[in-house]
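Asks: My file is entry_12.pdb. It has PDB, C-alpha atoms and all ligand atoms:
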MODEL        1
ATOM      1  CA  MET J   1      -0.432  -7.071 -13.875
ATOM      2  CA  SER J   2       1.302  -4.371 -15.967
ATOM      3  CA  LEU J   3       4.618  -2.936 -14.789
ATOM      4  CA  LYS J   4       2.975   0.443 -14.192
ATOM      5  CA  ASP J   5       0.338  -1.155 -11.964
ATOM      6  CA  ARG J   6       3.079  -2.400  -9.682
ATOM      7  CA  ILE J   7       3.788   1.152  -8.478
ATOM      8  CA  ALA J   8       1.509   3.129  -6.147
ATOM      9  CA  VAL J   9       2.630   6.692  -5.537
ATOM     10  CA  ALA J  10       1.794   8.052  -2.083
ATOM     11  CA  LEU J  11       0.233  11.486  -2.554
ATOM     12  CA  ASP J  12       1.172  12.714   0.916
ATOM     13  CA  VAL J  13       0.317  16.341   0.178
ATOM     14  CA  GLY J  14      -2.102  18.765   1.794
ATOM     15  CA  SER J  15      -3.696  20.548  -1.171
ATOM     16  CA  LEU J  16      -5.769  19.617  -4.207
ATOM     17  CA  SER J  17      -3.514  21.608  -6.545
ATOM     18  CA  GLU J  18      -0.361  19.801  -5.394
ATOM     19  CA  ALA J  19      -2.079  16.437  -5.776
ATOM     20  CA  GLU J  20      -3.432  17.300  -9.235
ATOM     21  CA  ARG J  21       0.003  18.476 -10.376
ATOM     22  CA  LEU J  22       1.573  15.145  -9.337
ATOM     23  CA  ILE J  23      -1.247  13.125 -10.907
ATOM     24  CA  ASP J  24      -0.939  15.092 -14.181
ATOM     25  CA  GLU J  25       2.801  14.481 -14.270
ATOM     26  CA  LEU J  26       2.847  10.872 -13.168
ATOM     27  CA  SER J  27      -0.274   9.171 -14.528
ATOM     28  CA  ASP J  28       1.574   7.885 -17.625
ATOM     29  CA  HIS J  29       4.197   6.253 -15.421
ATOM     30  CA  VAL J  30       2.420   4.703 -12.426
ATOM     31  CA  GLY J  31      -0.767   2.686 -12.037
ATOM     32  CA  TYR J  32      -2.023   3.719  -8.596
ATOM     33  CA  PHE J  33      -2.224   6.927  -6.599
ATOM     34  CA  LYS J  34      -2.439   6.431  -2.861
ATOM     35  CA  ILE J  35      -4.490   9.022  -1.001
ATOM     36  CA  GLY J  36      -3.402   9.163   2.611
ATOM     37  CA  LEU J  37      -4.418  10.776   5.863
ATOM     38  CA  GLU J  38      -2.914  14.220   5.278
ATOM     39  CA  PHE J  39      -4.809  14.635   2.023
ATOM     40  CA  LEU J  40      -8.019  13.111   3.380
ATOM     41  CA  MET J  41      -8.016  15.435   6.397
ATOM     42  CA  SER J  42      -7.134  18.569   4.433
ATOM     43  CA  VAL J  43      -9.026  18.058   1.180
ATOM     44  CA  GLY J  44     -11.120  14.875   1.269
ATOM     45  CA  ALA J  45     -11.503  12.093  -1.260
ATOM     46  CA  SER J  46     -14.516  12.984  -3.375
ATOM     47  CA  ASN J  47     -12.836  15.456  -5.764
ATOM     48  CA  ILE J  48      -9.643  13.567  -6.324
ATOM     49  CA  VAL J  49     -11.059  10.111  -7.083
ATOM     50  CA  PRO J  50     -12.753  11.129 -10.381
ATOM     51  CA  TYR J  51      -9.688  13.214 -11.273
ATOM     52  CA  ILE J  52      -7.409  10.171 -10.967
ATOM     53  CA  HIS J  53      -9.832   7.960 -12.872
ATOM     54  CA  ALA J  54     -10.150  10.497 -15.685
ATOM     55  CA  LEU J  55      -6.411  10.149 -16.266
ATOM     56  CA  GLY J  56      -6.682   6.365 -16.436
ATOM     57  CA  ALA J  57      -5.088   5.577 -13.068
ATOM     58  CA  LYS J  58      -6.393   3.690 -10.036
ATOM     59  CA  VAL J  59      -7.008   4.869  -6.456
ATOM     60  CA  PHE J  60      -5.676   3.289  -3.281
ATOM     61  CA  LEU J  61      -7.433   4.979  -0.356
ATOM     62  CA  ASP J  62      -5.105   4.649   2.623
ATOM     63  CA  ALA J  63      -7.251   5.563   5.640
ATOM     64  CA  LYS J  64      -6.179   2.512   7.688
ATOM     65  CA  PHE J  65      -9.514   1.915   9.418
ATOM     66  CA  ASN J  66      -9.310   0.548  12.967
ATOM     67  CA  ASP J  67     -12.643   0.841  14.771
ATOM     68  CA  THR J  68     -15.599  -1.198  15.925
ATOM     69  CA  PRO J  69     -16.883  -3.710  13.336
ATOM     70  CA  ASP J  70     -20.159  -1.913  12.544
ATOM     71  CA  THR J  71     -18.438   1.438  12.159
ATOM     72  CA  VAL J  72     -15.881  -0.116   9.828
ATOM     73  CA  PHE J  73     -18.669  -1.820   7.850
ATOM     74  CA  LYS J  74     -20.329   1.544   7.153
ATOM     75  CA  ALA J  75     -17.056   3.317   6.430
ATOM     76  CA  SER J  76     -16.034   0.524   4.042
ATOM     77  CA  ARG J  77     -19.358   0.713   2.208
ATOM     78  CA  ALA J  78     -18.911   4.472   1.870
ATOM     79  CA  VAL J  79     -15.363   4.065   0.549
ATOM     80  CA  ALA J  80     -16.515   1.421  -1.930
ATOM     81  CA  ASP J  81     -19.184   3.832  -3.176
ATOM     82  CA  LEU J  82     -16.476   6.396  -3.916
ATOM     83  CA  GLY J  83     -15.340   3.933  -6.578
ATOM     84  CA  VAL J  84     -11.778   3.394  -5.327
ATOM     85  CA  GLU J  85      -9.907   0.275  -6.420
ATOM     86  CA  MET J  86      -8.268  -0.455  -3.055
ATOM     87  CA  PHE J  87      -8.430   0.559   0.614
ATOM     88  CA  ASN J  88      -7.097  -0.730   3.918
ATOM     89  CA  VAL J  89      -7.794  -1.549   7.556
ATOM     90  CA  HIS J  90      -5.440  -2.334  10.437
ATOM     91  CA  CYS J  91      -5.249  -6.095  11.107
ATOM     92  CA  VAL J  92      -4.932  -5.280  14.811
ATOM     93  CA  GLY J  93      -8.628  -4.307  14.674
ATOM     94  CA  GLY J  94      -9.372  -8.034  14.742
ATOM     95  CA  SER J  95     -11.034 -10.701  12.610
ATOM     96  CA  LYS J  96     -14.599  -9.491  13.103
ATOM     97  CA  MET J  97     -13.643  -5.977  12.043
ATOM     98  CA  MET J  98     -11.797  -7.267   8.974
ATOM     99  CA  GLN J  99     -14.798  -9.420   7.975
ATOM    100  CA  LYS J 100     -17.042  -6.372   8.278
ATOM    101  CA  ALA J 101     -14.654  -4.345   6.118
ATOM    102  CA  VAL J 102     -15.014  -6.979   3.407
ATOM    103  CA  SER J 103     -18.800  -7.215   3.678
ATOM    104  CA  GLY J 104     -19.053  -3.397   3.746
ATOM    105  CA  SER J 105     -16.938  -3.135   0.618
ATOM    106  CA  ARG J 106     -19.228  -5.657  -1.147
ATOM    107  CA  ALA J 107     -22.381  -3.788  -0.057
ATOM    108  CA  LYS J 108     -21.911  -0.926  -2.501
ATOM    109  CA  VAL J 109     -25.049   1.065  -3.105
ATOM    110  CA  HIS J 110     -23.991   2.333  -6.537
ATOM    111  CA  GLY J 111     -22.995  -1.005  -8.094
ATOM    112  CA  GLY J 112     -19.791  -1.639 -10.040
ATOM    113  CA  LYS J 113     -16.699  -3.557  -9.027
ATOM    114  CA  SER J 114     -15.897  -3.773  -5.315
ATOM    115  CA  PRO J 115     -12.512  -2.534  -4.139
ATOM    116  CA  ALA J 116      -9.742  -4.785  -2.852
ATOM    117  CA  VAL J 117      -9.465  -4.665   0.949
ATOM    118  CA  LEU J 118      -5.961  -4.851   2.369
ATOM    119  CA  GLY J 119      -4.818  -5.428   5.938
ATOM    120  CA  VAL J 120      -2.023  -3.324   7.422
ATOM    121  CA  THR J 121       0.217  -5.714   9.362
ATOM    122  CA  ILE J 122       3.025  -3.812  11.096
ATOM    123  CA  LEU J 123       3.859  -0.321   9.851
ATOM    124  CA  THR J 124       7.168  -0.120   8.034
ATOM    125  CA  SER J 125       8.110   2.810  10.276
ATOM    126  CA  LEU J 126       8.287   0.405  13.261
ATOM    127  CA  ASP J 127      11.158  -1.938  14.043
ATOM    128  CA  GLN J 128      11.563  -4.873  16.418
ATOM    129  CA  GLN J 129      12.233  -2.599  19.407
ATOM    130  CA  ASP J 130       9.039  -0.603  18.769
ATOM    131  CA  VAL J 131       6.993  -3.786  18.415
ATOM    132  CA  THR J 132       8.395  -5.178  21.676
ATOM    133  CA  ASP J 133       7.707  -1.849  23.413
ATOM    134  CA  LEU J 134       4.077  -2.123  22.298
ATOM    135  CA  GLY J 135       3.798  -5.464  24.078
ATOM    136  CA  PHE J 136       3.728  -7.843  21.116
ATOM    137  CA  HIS J 137       5.552 -10.899  22.335
ATOM    138  CA  HIS J 138       6.184 -12.548  18.990
ATOM    139  CA  GLY J 139       9.128 -11.421  16.923
ATOM    140  CA  LEU J 140       8.203  -8.802  14.355
ATOM    141  CA  GLU J 141       8.188 -11.230  11.432
ATOM    142  CA  MET J 142       6.012 -13.736  13.276
ATOM    143  CA  GLN J 143       3.620 -10.953  14.249
ATOM    144  CA  VAL J 144       3.366  -9.888  10.603
ATOM    145  CA  TYR J 145       2.709 -13.515   9.667
ATOM    146  CA  ARG J 146      -0.031 -13.891  12.320
ATOM    147  CA  PHE J 147      -1.734 -10.705  11.132
ATOM    148  CA  ALA J 148      -1.511 -11.864   7.502
ATOM    149  CA  GLN J 149      -2.953 -15.255   8.428
ATOM    150  CA  LYS J 150      -5.896 -13.591  10.200
ATOM    151  CA  ALA J 151      -6.368 -11.208   7.271
ATOM    152  CA  GLN J 152      -6.595 -14.117   4.859
ATOM    153  CA  GLU J 153      -8.980 -16.077   7.089
ATOM    154  CA  SER J 154     -11.162 -12.964   7.361
ATOM    155  CA  GLY J 155     -11.514 -12.746   3.581
ATOM    156  CA  LEU J 156      -9.224  -9.792   2.875
ATOM    157  CA  ASP J 157      -7.706  -9.462  -0.592
ATOM    158  CA  GLY J 158      -4.145  -8.943   0.586
ATOM    159  CA  VAL J 159      -1.882  -7.341   3.159
ATOM    160  CA  ILE J 160       0.518  -4.459   3.521
ATOM    161  CA  ALA J 161       3.893  -5.332   4.975
ATOM    162  CA  SER J 162       7.526  -4.492   4.534
ATOM    163  CA  ALA J 163       9.119  -6.239   1.574
ATOM    164  CA  ARG J 164      11.449  -7.704   4.198
ATOM    165  CA  GLU J 165       8.546  -9.911   5.330
ATOM    166  CA  VAL J 166       7.399 -11.025   1.889
ATOM    167  CA  GLU J 167       9.606 -14.109   2.022
ATOM    168  CA  ILE J 168       8.133 -15.365   5.290
ATOM    169  CA  LEU J 169       4.595 -14.623   4.085
ATOM    170  CA  LYS J 170       5.234 -16.544   0.881
ATOM    171  CA  SER J 171       6.501 -19.513   2.840
ATOM    172  CA  LEU J 172       3.852 -19.610   5.601
ATOM    173  CA  VAL J 173       0.545 -18.031   4.562
ATOM    174  CA  PRO J 174      -1.407 -20.634   2.546
ATOM    175  CA  LYS J 175      -2.671 -18.339  -0.242
ATOM    176  CA  CYS J 176       0.712 -16.602  -0.602
ATOM    177  CA  LYS J 177       2.367 -19.953  -1.299
ATOM    178  CA  GLU J 178       0.309 -20.493  -4.449
ATOM    179  CA  ASP J 179       1.822 -19.610  -7.815
ATOM    180  CA  ASN J 180      -0.073 -16.667  -9.311
ATOM    181  CA  SER J 181      -1.776 -16.113  -5.962
ATOM    182  CA  ASP J 182      -4.444 -13.402  -6.024
ATOM    183  CA  PHE J 183      -3.691 -12.484  -2.385
ATOM    184  CA  LEU J 184      -1.919  -9.155  -2.873
ATOM    185  CA  LEU J 185       1.343  -8.295  -1.132
ATOM    186  CA  VAL J 186       1.692  -4.522  -1.066
ATOM    187  CA  THR J 187       4.933  -3.115   0.295
ATOM    188  CA  PRO J 188       5.702   0.432   1.466
ATOM    189  CA  GLY J 189       9.058   1.375   3.004
ATOM    190  CA  ILE J 190      10.617   1.376  -0.473
ATOM    191  CA  ARG J 191      13.864   3.274  -0.817
ATOM    192  CA  PRO J 192      15.937   3.258  -3.992
ATOM    193  CA  VAL J 193      19.663   3.415  -3.150
ATOM    194  CA  TRP J 194      19.684   7.119  -4.061
ATOM    195  CA  ALA J 195      16.829   8.156  -1.712
ATOM    196  CA  PRO J 196      16.983   9.151   1.981
ATOM    197  CA  LYS J 197      15.207   6.864   4.455
ATOM    198  CA  ASN J 198      13.157   9.636   6.167
ATOM    199  CA  ASP J 199      11.018   8.070   8.934
ATOM    200  CA  GLN J 200      11.019   4.574   7.410
ATOM    201  CA  LYS J 201      12.965   1.802   9.160
ATOM    202  CA  ARG J 202      12.304  -1.528   7.403
ATOM    203  CA  THR J 203      13.229  -0.483   3.863
ATOM    204  CA  LEU J 204      14.260  -2.258   0.666
ATOM    205  CA  THR J 205      14.921  -1.033  -2.880
ATOM    206  CA  PRO J 206      12.245  -1.380  -5.610
ATOM    207  CA  ALA J 207      14.181  -4.209  -7.296
ATOM    208  CA  GLU J 208      14.684  -6.085  -4.016
ATOM    209  CA  ALA J 209      10.985  -5.835  -3.183
ATOM    210  CA  ILE J 210       9.926  -7.119  -6.608
ATOM    211  CA  ARG J 211      12.539  -9.903  -6.504
ATOM    212  CA  LEU J 212      11.200 -11.087  -3.149
ATOM    213  CA  GLY J 213       7.666 -11.242  -4.518
ATOM    214  CA  ALA J 214       5.937  -7.937  -3.754
ATOM    215  CA  ASP J 215       2.980  -7.379  -6.089
ATOM    216  CA  ILE J 216       2.722  -3.597  -5.657
ATOM    217  CA  ILE J 217       5.307  -1.239  -4.161
ATOM    218  CA  VAL J 218       4.195   1.968  -2.444
ATOM    219  CA  VAL J 219       6.597   4.823  -3.059
ATOM    220  CA  GLY J 220       6.120   8.302  -1.638
ATOM    221  CA  ARG J 221       8.915  10.810  -1.093
ATOM    222  CA  PRO J 222      11.498   9.182  -3.393
ATOM    223  CA  ILE J 223       9.108  10.070  -6.250
ATOM    224  CA  THR J 224       7.235  13.124  -4.975
ATOM    225  CA  LYS J 225      10.329  14.805  -3.469
ATOM    226  CA  PRO J 226      13.251  13.267  -5.342
ATOM    227  CA  PRO J 227      16.841  14.242  -4.560
ATOM    228  CA  ILE J 228      18.336  16.934  -6.799
ATOM    229  CA  GLU J 229      20.547  14.512  -8.722
ATOM    230  CA  ILE J 230      17.477  12.502  -9.797
ATOM    231  CA  GLY J 231      15.531  15.555 -10.932
ATOM    232  CA  THR J 232      11.760  15.610 -11.356
ATOM    233  CA  PRO J 233       9.103  13.220  -9.991
ATOM    234  CA  VAL J 234       8.691  11.878 -13.545
ATOM    235  CA  ASN J 235      12.416  11.108 -13.734
ATOM    236  CA  ALA J 236      12.286   9.396 -10.355
ATOM    237  CA  ALA J 237       9.305   7.280 -11.489
ATOM    238  CA  ARG J 238      11.126   6.410 -14.733
ATOM    239  CA  VAL J 239      14.249   5.325 -12.861
ATOM    240  CA  ILE J 240      12.169   3.134 -10.554
ATOM    241  CA  LEU J 241      10.202   1.641 -13.466
ATOM    242  CA  ARG J 242      13.463   0.830 -15.221
ATOM    243  CA  GLU J 243      14.804  -0.825 -12.066
ATOM    244  CA  ILE J 244      11.644  -2.936 -11.788
ATOM    245  CA  ARG J 245      11.666  -3.830 -15.493
ATOM    246  CA  GLU J 246      15.288  -5.006 -15.289
ATOM    247  CA  GLU J 247      14.410  -7.113 -12.256
ATOM    248  CA  VAL J 248      11.340  -8.677 -13.900
ATOM    249  CA  GLU J 249      13.224  -9.401 -17.132
ATOM    250  CA  SER J 250      16.390 -10.771 -15.484
TER     251      SER J 250
HETATM  252  O1  LIG J 301       7.307   8.644   1.541
HETATM  253  P1  LIG J 301       7.216   7.156   1.795
HETATM  254  O2  LIG J 301       7.694   6.319   0.634
HETATM  255  O3  LIG J 301       7.853   6.771   3.102
HETATM  256  O4  LIG J 301       5.649   6.902   1.923
HETATM  257  C1  LIG J 301       5.127   5.648   2.323
HETATM  258  C2  LIG J 301       3.645   5.734   2.386
HETATM  259  O5  LIG J 301       3.160   4.452   2.710
HETATM  260  C3  LIG J 301       3.112   6.705   3.433
HETATM  261  O6  LIG J 301       1.979   7.328   2.860
HETATM  262  C4  LIG J 301       2.698   5.828   4.588
HETATM  263  O7  LIG J 301       1.591   6.325   5.266
HETATM  264  C5  LIG J 301       2.325   4.534   3.857
HETATM  265  N1  LIG J 301       2.423   3.305   4.633
HETATM  266  C6  LIG J 301       3.589   2.887   5.242
HETATM  267  N2  LIG J 301       3.623   1.716   5.951
HETATM  268  C7  LIG J 301       2.533   0.957   6.031
HETATM  269  C8  LIG J 301       1.339   1.356   5.409
HETATM  270  C9  LIG J 301       1.328   2.545   4.692
HETATM  271  O8  LIG J 301       4.607   3.568   5.126
HETATM  272  N3  LIG J 301       2.595  -0.203   6.659
ENDMDL
END
Could the structure of this file be written out as structure tokens, please?
Ligand code: C5P

Replies:
Amino acid sequence: MSLKDRIAVALDVGSLSEAERLIDELSDHVGYFKIGLEFLMSVGASNIVPYIHALGAKVFLDAKFNDTPDTVFKASRAVADLGVEMFNVHCVGGSKMMQKAVSGSRAKVHGGKSPAVLGVTILTSLDQQDVTDLGFHHGLEMQVYRFAQKAQESGLDGVIASAREVEILKSLVPKCKEDNSDFLLVTPGIRPVWAPKNDQKRTLTPAEAIRLGADIIVVGRPITKPPIEIGTPVNAARVILREIREEVES
């Protein structure tokens, strides 16, 4: 995987023009653009997917499906037909739902490569207290592990977790233990030392996440709304790329 492909920028914006501006600026520096709920609800996916592809980047559609298995099957087939490279479902939707997400993604009408399906374990905006409040009786890390285990058994291509849990996933989930595993570990909640935390709780820096074994880091506001001393989104992406490169080469 190229260095660029290890960064997914979260396009958490509400207009096509804002998204296009960021894609124009950043497509030489990052491999994936993540389209999230705000954009999907305000603009929709169909215009932006070809735009991103035309600039040589990949699309991660972050709609976090969590519904009945048949509904998720049809939604996953529709997402696959948009031609995205990656999309996700909540593991809490259960094994049957995850299996249907995979079969839906492989049932593309228009042919071509099927997208990777990722399972959201526990959102990086939640901490142990939140997870206990929700009634999960395992510790947060064990809950992430259980979700990842179910995701793998259900045929998913990887999971989304905090980089803080990558170590436990690599030691307990069978596929994650393998060298050069193709089970993707995608980690949001990334905060370079110079960026504010915002609503994220379980954060790590880009270098820490890569060192622990994250395959792809998801970075939103530190790149799209960088602090003044960092400058433009392109500068922020460059600084993060440099940090990752130094980590990979060290
Ligand atoms: O701006 P920030 O870097 O916090 O953006 C993180 C992005 O990753 C957001 O779009 C958020 O929805 C997404 N995400 C997350 N935690 C997950 C899954 C996705 O923060 N577990």

Asks: Within 9 Å of Lys74 (chain J), counting all atoms listed in the file, which residues show up once you throw out same-chain ones fewer than 3 positions away? Write them as a compact mmCIF listing (two decimals) with C-alpha atoms, in the coordinates of the input, please.

Replies:
# COMPACT_ATOMS: atom_id res chain seq x y z
CA PRO J 69 -16.88 -3.71 13.34
CA ASP J 70 -20.16 -1.91 12.54
CA THR J 71 -18.44 1.44 12.16
CA ARG J 77 -19.36 0.71 2.21
CA ALA J 78 -18.91 4.47 1.87
CA VAL J 79 -15.36 4.07 0.55
CA LYS J 100 -17.04 -6.37 8.28
CA ALA J 101 -14.65 -4.34 6.12
CA GLY J 104 -19.05 -3.40 3.75
CA SER J 105 -16.94 -3.14 0.62

Asks: So what does the PyMOL selection byres (((chain J and resi 144) around 8) and not hetatm) actually pick up in this one, as a PyMOL selection string?

Replies: chain J and resi 121-122+140-143+145-148+161+165

Asks: Dig up all the protein and nucleic acid residues within 6 Å of (-3.6, 7.6, 1.1) in the file frame, using all atoms listed in the file, and format them as a list in words.

Replies: Lys34, Ile35, Gly36, Leu37, Leu61 and Asp62 of chain J

Asks: Any chance you could export the current selection's C-alpha atoms as an mmCIF file, in the frame of the given file?

Replies:
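This is the output file result_20.cif:
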data_model
loop_
_atom_site.group_PDB
_atom_site.id
_atom_site.type_symbol
_atom_site.label_atom_id
_atom_site.label_comp_id
_atom_site.auth_asym_id
_atom_site.auth_seq_id
_atom_site.Cartn_x
_atom_site.Cartn_y
_atom_site.Cartn_z
ATOM 1 C CA LYS J 34 -2.439 6.431 -2.861
ATOM 2 C CA ILE J 35 -4.490 9.022 -1.001
ATOM 3 C CA GLY J 36 -3.402 9.163 2.611
ATOM 4 C CA LEU J 37 -4.418 10.776 5.863
ATOM 5 C CA LEU J 61 -7.433 4.979 -0.356
ATOM 6 C CA ASP J 62 -5.105 4.649 2.623
#

Asks: Got a sec to resolve the PyMOL selection byres (((chain J and resi 180-191) around 7) and not hetatm) on this structure and send the residues as a ChimeraX atom specification?

Replies: /J:124,157-163,175-176,178-179,192-193,195,197,200,202-206,214-219,222

Asks: What is the distance, in Å and to one decimal place, between CA of Lys4 (chain J) and CA of Lys108 (chain J)?

Replies: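 Separation of CA of Lys4 (chain J) and CA of Lys108 (chain J): 27.5 Å.
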
Asks: Just give me the gap between CA of Thr224 (chain J) and CA of Arg211 (chain J) in Å, one decimal is fine.

Replies: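 Here the two named atoms are 23.7 Å from each other.
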